[in-house]
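The next block is start-v2.txt, given as compact mmCIF, C-alpha atoms and all ligand atoms.
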```txt
# COMPACT_ATOMS: atom_id res chain seq x y z
CA MET A 15 90.03 83.45 -12.41
CA GLN A 16 87.56 83.60 -9.55
CA VAL A 17 87.56 86.73 -7.39
CA SER A 18 86.59 86.70 -3.71
CA ASP A 19 82.87 86.81 -2.83
CA ASN A 20 83.18 90.27 -1.29
CA ILE A 21 84.39 91.65 -4.64
CA GLU A 22 81.93 89.58 -6.67
CA ASN A 23 79.05 91.03 -4.63
CA LEU A 24 80.38 94.58 -4.43
CA LYS A 25 78.01 97.24 -5.78
CA PRO A 26 80.15 100.11 -7.12
CA TYR A 27 79.68 103.69 -5.92
CA VAL A 28 77.00 105.44 -7.98
CA PRO A 29 78.11 109.02 -8.70
CA GLY A 30 75.73 111.87 -9.54
CA LYS A 31 74.51 111.67 -13.13
CA PRO A 32 76.82 113.64 -15.45
CA ILE A 33 75.45 116.77 -17.16
CA GLU A 34 76.39 115.72 -20.72
CA GLU A 35 74.83 112.27 -20.32
CA THR A 36 71.61 113.83 -19.04
CA LYS A 37 71.51 116.24 -21.99
CA ARG A 38 71.93 113.35 -24.44
CA GLU A 39 69.44 111.03 -22.76
CA TYR A 40 66.66 113.60 -22.29
CA GLY A 41 67.34 115.76 -25.36
CA LEU A 42 67.96 118.87 -23.22
CA GLN A 43 69.95 122.02 -24.01
CA LYS A 44 70.51 123.12 -20.44
CA VAL A 45 70.95 120.95 -17.40
CA PHE A 46 71.43 121.92 -13.74
CA LYS A 47 73.41 119.50 -11.61
CA LEU A 48 72.64 119.64 -7.92
CA ALA A 49 73.58 116.05 -7.19
CA SER A 50 77.20 115.80 -6.07
CA ASN A 51 77.71 118.52 -3.43
CA GLU A 52 80.11 120.36 -5.72
CA ASN A 53 81.06 124.01 -5.41
CA PRO A 54 78.75 126.08 -7.64
CA LEU A 55 81.15 129.05 -7.70
CA GLY A 56 83.34 127.49 -10.36
CA PRO A 57 87.12 127.42 -10.01
CA SER A 58 89.11 130.08 -8.16
CA GLU A 59 91.12 132.42 -10.41
CA LYS A 60 94.14 131.91 -8.17
CA VAL A 61 93.86 128.16 -8.55
CA LEU A 62 93.63 128.44 -12.33
CA ALA A 63 96.78 130.58 -12.41
CA ALA A 64 98.63 128.11 -10.17
CA ILE A 65 97.63 125.20 -12.40
CA GLN A 66 98.81 127.04 -15.49
CA LYS A 67 102.18 127.71 -13.88
CA ALA A 68 102.53 124.14 -12.63
CA SER A 69 101.61 122.77 -16.05
CA LEU A 70 105.07 123.79 -17.32
CA GLU A 71 106.53 121.06 -15.10
CA ILE A 72 104.20 118.16 -15.89
CA HIS A 73 107.02 116.18 -17.49
CA ARG A 74 108.35 115.80 -13.90
CA TYR A 75 106.93 113.49 -11.24
CA PRO A 76 105.01 115.26 -8.47
CA ASP A 77 106.53 115.83 -5.03
CA ALA A 78 105.90 112.51 -3.30
CA GLY A 79 106.71 114.08 0.07
CA PHE A 80 104.21 116.99 -0.27
CA TYR A 81 106.78 119.45 1.08
CA ASP A 82 104.99 122.70 0.19
CA LEU A 83 101.53 121.36 0.92
CA ARG A 84 102.58 119.99 4.29
CA GLN A 85 104.16 123.30 5.30
CA ALA A 86 101.10 125.29 4.25
CA PHE A 87 98.57 122.97 5.91
CA ALA A 88 100.67 122.73 9.07
CA LYS A 89 100.69 126.51 9.36
CA GLU A 90 97.02 126.91 8.55
CA PHE A 91 95.81 124.23 10.98
CA ALA A 92 98.48 124.63 13.68
CA VAL A 93 99.83 121.08 13.47
CA GLU A 94 103.24 119.71 12.56
CA PRO A 95 104.01 118.96 8.90
CA LEU A 96 104.46 115.26 9.68
CA GLU A 97 101.02 115.10 11.27
CA ILE A 98 99.42 115.54 7.84
CA SER A 99 99.31 113.62 4.61
CA PHE A 100 97.27 113.76 1.44
CA GLY A 101 95.22 111.48 -0.76
CA ASN A 102 93.62 111.32 -4.16
CA GLY A 103 90.49 112.76 -2.62
CA SER A 104 89.63 111.84 0.95
CA ASN A 105 88.05 108.76 -0.59
CA GLU A 106 91.51 107.32 -1.12
CA LEU A 107 92.38 108.09 2.49
CA ILE A 108 89.32 106.14 3.68
CA ASP A 109 90.55 103.22 1.59
CA LEU A 110 94.10 103.50 2.95
CA LEU A 111 92.92 103.65 6.58
CA ILE A 112 90.94 100.45 6.07
CA ARG A 113 93.94 98.76 4.44
CA LEU A 114 96.13 99.93 7.28
CA TYR A 115 94.01 98.81 10.22
CA CYS A 116 91.65 96.07 9.05
CA LYS A 117 92.39 92.51 8.09
CA ASP A 118 90.03 90.13 6.33
CA GLY A 119 87.40 89.27 8.96
CA ASP A 120 87.66 92.55 10.89
CA LYS A 121 84.81 95.06 10.90
CA ILE A 122 84.24 98.79 10.86
CA LEU A 123 81.48 100.69 12.63
CA THR A 124 79.66 103.74 11.32
CA LEU A 125 76.20 105.28 11.31
CA GLN A 126 73.30 104.04 9.25
CA SER A 127 73.00 106.40 6.28
CA ALA A 128 76.60 107.57 6.56
CA PHE A 129 78.63 108.40 3.46
CA ILE A 130 78.63 105.10 1.56
CA ALA A 131 82.36 105.02 0.68
CA TYR A 132 83.24 103.54 4.10
CA GLN A 133 81.12 100.50 3.39
CA ILE A 134 82.36 100.12 -0.20
CA SER A 135 86.04 100.41 0.74
CA ALA A 136 85.52 97.99 3.62
CA GLN A 137 83.76 95.40 1.48
CA ALA A 138 86.51 95.62 -1.14
CA ALA A 139 88.97 94.72 1.61
CA GLY A 140 86.90 91.81 2.92
CA VAL A 141 85.82 93.85 5.94
CA GLU A 142 82.22 94.01 7.14
CA THR A 143 80.44 97.20 8.18
CA ASP A 144 78.14 97.44 11.18
CA PHE A 145 75.79 100.36 11.56
CA VAL A 146 74.30 102.37 14.39
CA SER A 147 70.70 103.40 13.65
CA LEU A 148 69.67 107.01 13.29
CA LYS A 149 66.72 108.32 15.29
CA PRO A 150 64.01 108.82 12.64
CA GLU A 151 62.86 112.17 14.02
CA THR A 152 66.34 113.76 14.03
CA LEU A 153 68.35 111.58 11.60
CA LYS A 154 71.09 111.52 14.24
CA ILE A 155 72.59 108.73 16.29
CA ASP A 156 72.40 108.57 20.05
CA VAL A 157 76.09 108.43 21.00
CA GLU A 158 75.25 105.97 23.79
CA ASP A 159 74.02 103.58 21.06
CA LEU A 160 77.35 103.98 19.28
CA ILE A 161 79.30 103.22 22.43
CA LYS A 162 77.11 100.19 23.15
CA ALA A 163 77.42 98.92 19.56
CA TRP A 164 81.23 98.99 19.54
CA LYS A 165 82.97 95.62 19.82
CA PRO A 166 86.69 94.83 19.69
CA GLU A 167 86.34 93.53 16.11
CA HIS A 168 85.43 97.08 14.98
CA LYS A 169 88.93 98.32 14.19
CA ILE A 170 87.77 101.69 12.85
CA VAL A 171 84.82 103.88 13.80
CA PHE A 172 83.99 106.28 10.96
CA LEU A 173 81.99 109.36 11.95
CA PRO A 174 81.19 111.84 9.19
CA ASN A 175 80.58 115.18 10.87
CA PRO A 176 78.55 116.80 9.35
CA ASN A 177 77.11 113.68 7.78
CA ASN A 178 76.32 113.13 4.11
CA PRO A 179 73.50 112.67 3.04
CA THR A 180 71.59 113.89 6.11
CA GLY A 181 73.42 117.17 6.81
CA THR A 182 73.08 116.45 10.53
CA TYR A 183 75.98 116.67 13.00
CA LEU A 184 77.29 115.64 16.36
CA ASN A 185 77.51 118.65 18.65
CA GLN A 186 80.46 119.38 20.91
CA LYS A 187 78.99 117.54 23.90
CA GLU A 188 78.20 114.44 21.84
CA MET A 189 81.58 114.52 20.16
CA GLU A 190 83.39 114.81 23.48
CA LYS A 191 81.47 111.81 24.82
CA VAL A 192 82.60 109.77 21.81
CA ILE A 193 86.19 110.98 22.03
CA HIS A 194 86.26 110.35 25.77
CA PHE A 195 85.20 106.73 25.20
CA PHE A 196 87.34 105.85 22.19
CA GLY A 197 90.26 108.26 22.53
CA GLY A 198 93.57 106.76 23.62
CA ARG A 199 92.58 103.09 23.15
CA ASP A 200 95.03 100.92 21.27
CA ASP A 201 92.40 98.56 19.80
CA VAL A 202 90.39 101.00 17.67
CA VAL A 203 90.92 104.07 15.48
CA LEU A 204 88.37 106.88 15.61
CA VAL A 205 87.99 108.77 12.33
CA PHE A 206 86.08 112.04 12.07
CA ASP A 207 85.39 112.77 8.41
CA GLU A 208 84.96 116.54 8.11
CA ALA A 209 84.36 116.90 4.38
CA TYR A 210 81.81 119.71 5.01
CA VAL A 211 83.42 121.42 8.00
CA GLU A 212 83.78 124.80 6.27
CA TYR A 213 80.00 125.09 5.88
CA ALA A 214 79.12 124.11 9.45
CA ASP A 215 77.77 127.17 11.25
CA ALA A 216 75.95 125.79 14.32
CA ALA A 217 77.18 127.41 17.52
CA ASP A 218 77.81 124.00 19.11
CA TYR A 219 79.66 122.47 16.12
CA VAL A 220 83.37 121.99 16.70
CA SER A 221 86.00 120.29 14.61
CA ALA A 222 87.66 117.18 16.03
CA LEU A 223 90.97 118.80 15.10
CA ARG A 224 90.91 120.60 18.45
CA TYR A 225 91.26 117.20 20.23
CA ARG A 226 93.56 115.59 17.66
CA ALA A 227 96.90 116.00 19.44
CA GLN A 228 95.58 114.47 22.66
CA TYR A 229 94.95 111.02 21.20
CA GLU A 230 97.17 108.80 19.08
CA ASN A 231 94.14 106.97 17.68
CA LEU A 232 92.18 110.06 16.61
CA VAL A 233 92.21 110.79 12.86
CA VAL A 234 90.57 113.71 11.05
CA LEU A 235 89.82 113.74 7.32
CA ARG A 236 89.28 116.85 5.25
CA THR A 237 88.74 117.41 1.54
CA LEU A 238 89.38 120.18 -0.97
CA SER A 239 86.50 118.90 -3.12
CA LYS A 240 83.78 120.99 -1.47
CA ALA A 241 84.27 124.55 -0.16
CA TYR A 242 87.70 124.82 -1.83
CA GLY A 243 86.22 123.89 -5.21
CA LEU A 244 88.69 121.19 -6.34
CA ALA A 245 86.43 118.13 -6.74
CA GLY A 246 87.80 117.37 -10.20
CA LEU A 247 91.42 117.41 -9.07
CA ARG A 248 91.03 115.00 -6.15
CA VAL A 249 92.80 116.21 -3.02
CA GLY A 250 92.00 115.05 0.49
CA ALA A 251 93.94 115.66 3.69
CA VAL A 252 94.44 113.46 6.73
CA PHE A 253 95.46 114.76 10.15
CA ALA A 254 96.78 112.11 12.52
CA ASP A 255 99.54 111.16 14.89
CA LYS A 256 102.98 111.10 13.25
CA LYS A 257 103.13 107.31 13.57
CA VAL A 258 99.83 106.91 11.74
CA ILE A 259 100.90 109.35 9.02
CA ASN A 260 104.14 107.45 8.63
CA TYR A 261 102.25 104.19 8.05
CA LEU A 262 99.88 105.85 5.59
CA ASP A 263 102.86 107.27 3.71
CA ARG A 264 104.34 103.76 3.47
CA ILE A 265 101.28 102.19 1.89
CA ARG A 266 100.06 104.98 -0.38
CA ASN A 267 101.16 105.21 -3.97
CA PRO A 268 104.09 107.69 -3.82
CA PHE A 269 102.57 109.91 -6.51
CA ASN A 270 98.93 109.63 -5.41
CA VAL A 271 98.32 113.40 -5.66
CA ASN A 272 99.41 114.73 -9.03
CA SER A 273 101.43 117.92 -9.48
CA LEU A 274 98.57 120.06 -10.81
CA ALA A 275 96.40 118.99 -7.90
CA GLN A 276 99.15 119.81 -5.40
CA ALA A 277 99.68 123.28 -6.92
CA ALA A 278 95.93 123.86 -6.97
CA ALA A 279 95.52 122.77 -3.35
CA LEU A 280 98.23 125.15 -2.24
CA ALA A 281 96.61 128.04 -4.10
CA ALA A 282 93.13 127.09 -2.87
CA LEU A 283 94.27 127.07 0.74
CA GLY A 284 95.61 130.58 0.27
CA ASP A 285 92.53 131.95 -1.49
CA LYS A 286 90.54 133.12 1.53
CA ASP A 287 88.23 135.32 -0.54
CA TYR A 288 87.08 132.38 -2.63
CA LEU A 289 86.41 130.28 0.46
CA ALA A 290 84.47 133.08 2.15
CA LYS A 291 82.43 133.65 -1.03
CA ALA A 292 81.66 129.93 -1.35
CA VAL A 293 80.52 129.68 2.26
CA LYS A 294 78.37 132.83 1.98
CA MET A 295 76.75 131.63 -1.24
CA ASN A 296 76.02 128.30 0.43
CA SER A 297 74.49 129.88 3.48
CA GLU A 298 72.23 132.12 1.35
CA GLY A 299 71.21 129.17 -0.83
CA LYS A 300 70.43 127.08 2.20
CA GLN A 301 68.20 129.80 3.70
CA TYR A 302 66.43 130.11 0.34
CA PHE A 303 65.74 126.35 0.25
CA TYR A 304 64.47 126.38 3.85
CA LYS A 305 62.12 129.26 3.15
CA GLU A 306 60.78 127.71 -0.06
CA PHE A 307 60.36 124.25 1.48
CA GLU A 308 58.51 125.75 4.44
CA SER A 309 56.16 127.78 2.27
CA ALA A 310 55.41 124.68 0.16
CA GLY A 311 54.91 122.44 3.23
CA ILE A 312 57.84 120.20 2.29
CA SER A 313 59.67 118.62 5.24
CA TYR A 314 63.44 118.96 5.25
CA TRP A 315 66.34 118.49 7.65
CA PRO A 316 68.34 121.54 8.67
CA SER A 317 71.81 121.03 7.23
CA GLN A 318 75.34 121.87 8.32
CA ALA A 319 76.65 121.11 4.84
CA ASN A 320 76.19 122.19 1.21
CA PHE A 321 73.04 120.19 0.56
CA VAL A 322 69.59 119.76 2.04
CA LEU A 323 67.69 116.50 2.43
CA PHE A 324 63.95 116.71 1.90
CA ASP A 325 61.00 114.33 2.11
CA CYS A 326 58.92 113.68 -1.01
CA LYS A 327 56.34 111.71 1.02
CA THR A 328 56.25 109.37 -1.95
CA ASN A 329 58.77 107.18 -3.76
CA ALA A 330 61.57 109.62 -4.59
CA ALA A 331 62.72 107.62 -7.64
CA GLU A 332 59.78 108.96 -9.65
CA VAL A 333 60.42 112.53 -8.53
CA VAL A 334 64.10 112.20 -9.44
CA GLU A 335 63.11 110.96 -12.89
CA ASP A 336 60.58 113.80 -13.37
CA LEU A 337 63.25 116.31 -12.35
CA LEU A 338 65.71 114.84 -14.84
CA LYS A 339 63.17 115.36 -17.61
CA LYS A 340 63.07 119.05 -16.58
CA GLY A 341 66.86 119.26 -16.62
CA VAL A 342 67.53 119.13 -12.88
CA ILE A 343 69.82 116.39 -11.56
CA VAL A 344 69.37 115.61 -7.86
CA ARG A 345 70.46 112.70 -5.73
CA PRO A 346 68.12 109.85 -4.71
CA VAL A 347 69.18 108.27 -1.41
CA ALA A 348 67.39 104.93 -1.54
CA ASN A 349 70.81 103.27 -1.25
CA TYR A 350 71.01 104.93 2.18
CA LYS A 351 67.72 103.24 3.12
CA MET A 352 65.78 106.47 2.62
CA PRO A 353 63.54 105.74 -0.41
CA ASN A 354 61.29 108.80 0.00
CA TYR A 355 64.02 111.41 0.42
CA ILE A 356 66.08 113.46 -2.02
CA ARG A 357 69.41 115.17 -1.37
CA LEU A 358 69.59 118.53 -3.10
CA SER A 359 72.98 120.21 -3.38
CA ILE A 360 73.00 123.99 -2.95
CA GLY A 361 73.85 125.72 -6.22
CA THR A 362 73.90 129.20 -7.70
CA GLU A 363 70.85 131.42 -7.32
CA GLU A 364 69.69 130.45 -10.82
CA GLU A 365 70.17 126.74 -10.15
CA ASN A 366 68.41 126.93 -6.79
CA GLN A 367 65.42 128.80 -8.23
CA LYS A 368 65.07 126.35 -11.12
CA ALA A 369 65.28 123.34 -8.76
CA ILE A 370 62.70 124.74 -6.34
CA LYS A 371 60.30 125.68 -9.13
CA GLU A 372 60.39 122.16 -10.59
CA ILE A 373 60.28 120.40 -7.21
CA LYS A 374 57.22 122.41 -6.15
CA GLU A 375 55.47 121.67 -9.43
CA ILE A 376 56.23 117.96 -9.36
CA LEU A 377 55.39 117.40 -5.68
CA GLY A 378 52.29 119.60 -6.03
CA SER A 379 50.95 117.31 -8.73
CA LYS A 380 51.56 114.04 -6.81
C1 LIG B 401 81.34 112.70 4.11
C2 LIG B 401 82.21 112.62 2.90
N1 LIG B 401 83.48 112.22 3.04
C3 LIG B 401 84.31 112.14 1.99
C4 LIG B 401 83.89 112.47 0.72
C5 LIG B 401 84.85 112.27 -0.42
O1 LIG B 401 85.36 113.40 -0.87
P1 LIG B 401 86.61 113.42 -1.86
O2 LIG B 401 87.03 112.01 -2.14
O3 LIG B 401 86.15 114.14 -3.06
O4 LIG B 401 87.69 114.14 -1.10
C6 LIG B 401 82.59 112.89 0.51
C7 LIG B 401 82.14 113.21 -0.86
O5 LIG B 401 81.05 113.50 -1.16
C8 LIG B 401 81.73 112.97 1.62
O6 LIG B 401 80.46 113.33 1.48
```

Before anything else, please render the file you have as C-alpha cells.
Ligand SMILES: Cc1ncc(COP(=O)(O)O)c(C=O)c1O
Amino acid sequence: MQVSDNIENLKPYVPGKPIEETKREYGLQKVFKLASNENPLGPSEKVLAAIQKASLEIHRYPDAGFYDLRQAFAKEFAVEPLEISFGNGSNELIDLLIRLYCKDGDKILTLQSAFIAYQISAQAAGVETDFVSLKPETLKIDVEDLIKAWKPEHKIVFLPNPNNPTGTYLNQKEMEKVIHFFGGRDDVVLVFDEAYVEYADAADYVSALRYRAQYENLVVLRTLSKAYGLAGLRVGAVFADKKVINYLDRIRNPFNVNSLAQAAALAALGDKDYLAKAVKMNSEGKQYFYKEFESAGISYWPSQANFVLFDCKTNAAEVVEDLLKKGVIVRPVANYKMPNYIRLSIGTEEENQKAIKEIKEILGSK
C-alpha cells in the first residue's frame, strides 16, 4: 500500500557510526568514537547498582505514572511533579510535541543547522519546517530575524540552547527577547531544548526553566543522555504547564520509559559527583581542543556543549573518511548545510589526544 509522500521522501536520522562496524570495515583493533556527543566517563557506579537492583523486577511493567522520578525531578528543579513528564529520550518528546500541536499542513520554525530531529519528526507527521538563517560569522541567529520569520502557521518554535551541531547559544538578553515575544500566546508553543545545559558555562547563559512558570506555552526539554551518561537507556524530561503535561501523558505510550531506565535516571539525578566529574572532564577537554586548534591554525567555534565544530577549509567528507581509516569516528555535518565542517565530541584525554594528532596530520597534508 502507498504511504504518504512525506514518508516516502523522508531521509532517516543518520546516527554516529558504531565502533564495532568501523572496526570490521577498516580492519582496526581500536576505534575512538567522538561522533555522538556521548559521555566519555562511562556509566556511574550508582547507576549500575540501581539497574542491578531494578533488574529483579523486570517481569513487572514499569511505573507508567513516573511517581519516583517525578518527585525527584520536581525537588531538584523546583517545579511541581505534574509539571514534568518523561520520554524515551528527548527525541520521543520532540515527536510527541509535534503530534500534540501540529496537524497535517501546519509548520514548525527552528534555526538553520539546528538539531535535525525536529525536521525529521515534523516531516513524518506531514508538517513542514521553516528555518531562520544563522549569521555565518557567529553561527547564531539574530532573534529579530526569528521574530520576523514567525507566522501563525508555525505552531511550534524549537530553539536548541545550546545548539547542536554548532555549540552556540542564545544569551539571556536574546532569550528574554524571544520569550517576551512568544510567551503567553495561545497560537504557538515555544520549546527550548536544553540537551547540553549542564555543560554551558558562559556567564550570560541561563536556562529557560527560570521563566517556565510564567508562560503556559513555554516548554523546556532536557535529556539524561549527555552529562548524566544514560544515552543507551533513553530518558528525556519535559517541563511544561500542567495542562500540556496532561496532554502529553494522554498521547504517549504508557510504558515509554522502561523500568531499568527509570531506576537509572533516579540514581543518575542523585549522583552529583558523577555529574561534576563529567562536566569538569568536558571543560578540560574543550580547553585542550581550543588550544590545539589555535596552535594548528584551525578555525573552530567556541562551544557551550560537549563537542566542538571546526572548519576543515576543504570538503569534510574526505577528512572524515581519512579519520575513520585511522580509527577516529567524528561527525560530518553536510546534512546541516555545512559541508566543510566537522563536529568533534569531547572524549577522554586519550581519545582527545588521538583525535587531535590525526586531525592535525590529515589537515596538514591537504
Ligand atoms: C539538541 C538535542 N536535543 C535532543 C537530543 C536527543 O537526545 P536524546 O533523545 O538522547 O534524549 C540531542 C541528541 O543529540 C540533541 O543534540

With the cut-off set at 6 Å and counting all atoms listed in the file, tabulate each residue of chain A with an atom at most that distance from an atom of ligand LIG 401 (chain B), showing the nearest atom pair and its distance in Å to one decimal, ordered by chain and increasing number, as a Markdown table.
```
| residue | atom | partner | partner_atom | distance |
| --- | --- | --- | --- | --- |
| A:Gly103 | CA | B:LIG401 | O4 | 3.5 |
| A:Ser104 | CA | B:LIG401 | O4 | 3.6 |
| A:Asn105 | CA | B:LIG401 | O2 | 3.7 |
| A:Phe129 | CA | B:LIG401 | C1 | 5.1 |
| A:Pro174 | CA | B:LIG401 | C1 | 5.2 |
| A:Asn177 | CA | B:LIG401 | C1 | 5.7 |
| A:Asn178 | CA | B:LIG401 | O6 | 4.9 |
| A:Asp207 | CA | B:LIG401 | N1 | 5.7 |
| A:Ala209 | CA | B:LIG401 | N1 | 4.9 |
| A:Thr237 | CA | B:LIG401 | O4 | 4.3 |
| A:Ser239 | CA | B:LIG401 | O3 | 4.8 |
| A:Ala245 | CA | B:LIG401 | O3 | 5.4 |
| A:Arg248 | CA | B:LIG401 | O3 | 5.8 |
| A:Val249 | CA | B:LIG401 | O4 | 5.8 |
| A:Gly250 | CA | B:LIG401 | O4 | 4.7 |
```

Quiz item: Using only C-alpha atoms, which of A:Ile170, A:Lys89, A:Lys31, A:Glu94 sits nearest Leu48 of chain A?
Solution: A:Lys31

Quiz item: Hey, which of A:Asn272, A:Asn185, A:Thr328, A:Ser309 ends up closest to Tyr75 of chain A? Count all atoms listed in the file.
Solution: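 Between A:Asn272, A:Asn185, A:Thr328, A:Ser309, the residue approaching Tyr75 of chain A most closely is A:Asn272.
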
Write out as a tab-separated table (two decimals) with C-alpha atoms, in the coordinates of the input the residues lying within 8 Å of segment 321-325 of chain A, counting only C-alpha atoms and excluding same-chain residues fewer than 2 positions away.
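Output below, filename out-v1.tsv:
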```tsv
chain	number	residue	atom	x	y	z
A	51	ASN	CA	77.71	118.52	-3.43
A	179	PRO	CA	73.50	112.67	3.04
A	180	THR	CA	71.59	113.89	6.11
A	181	GLY	CA	73.42	117.17	6.81
A	300	LYS	CA	70.43	127.08	2.20
A	303	PHE	CA	65.74	126.35	0.25
A	312	ILE	CA	57.84	120.20	2.29
A	313	SER	CA	59.67	118.62	5.24
A	314	TYR	CA	63.44	118.96	5.25
A	315	TRP	CA	66.34	118.49	7.65
A	316	PRO	CA	68.34	121.54	8.67
A	317	SER	CA	71.81	121.03	7.23
A	319	ALA	CA	76.65	121.11	4.84
A	327	LYS	CA	56.34	111.71	1.02
A	328	THR	CA	56.25	109.37	-1.95
A	354	ASN	CA	61.29	108.80	0.00
A	355	TYR	CA	64.02	111.41	0.42
A	356	ILE	CA	66.08	113.46	-2.02
A	357	ARG	CA	69.41	115.17	-1.37
A	358	LEU	CA	69.59	118.53	-3.10
A	359	SER	CA	72.98	120.21	-3.38
A	360	ILE	CA	73.00	123.99	-2.95
```

Exercise. Find the residue from A:Asn329, A:Ser69, A:Asn267, A:Asn320 that sits nearest to Leu107 of chain A; use only C-alpha atoms when measuring.
Key: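 Comparing A:Asn329, A:Ser69, A:Asn267, A:Asn320 against Leu107 of chain A, the winner is A:Asn267.
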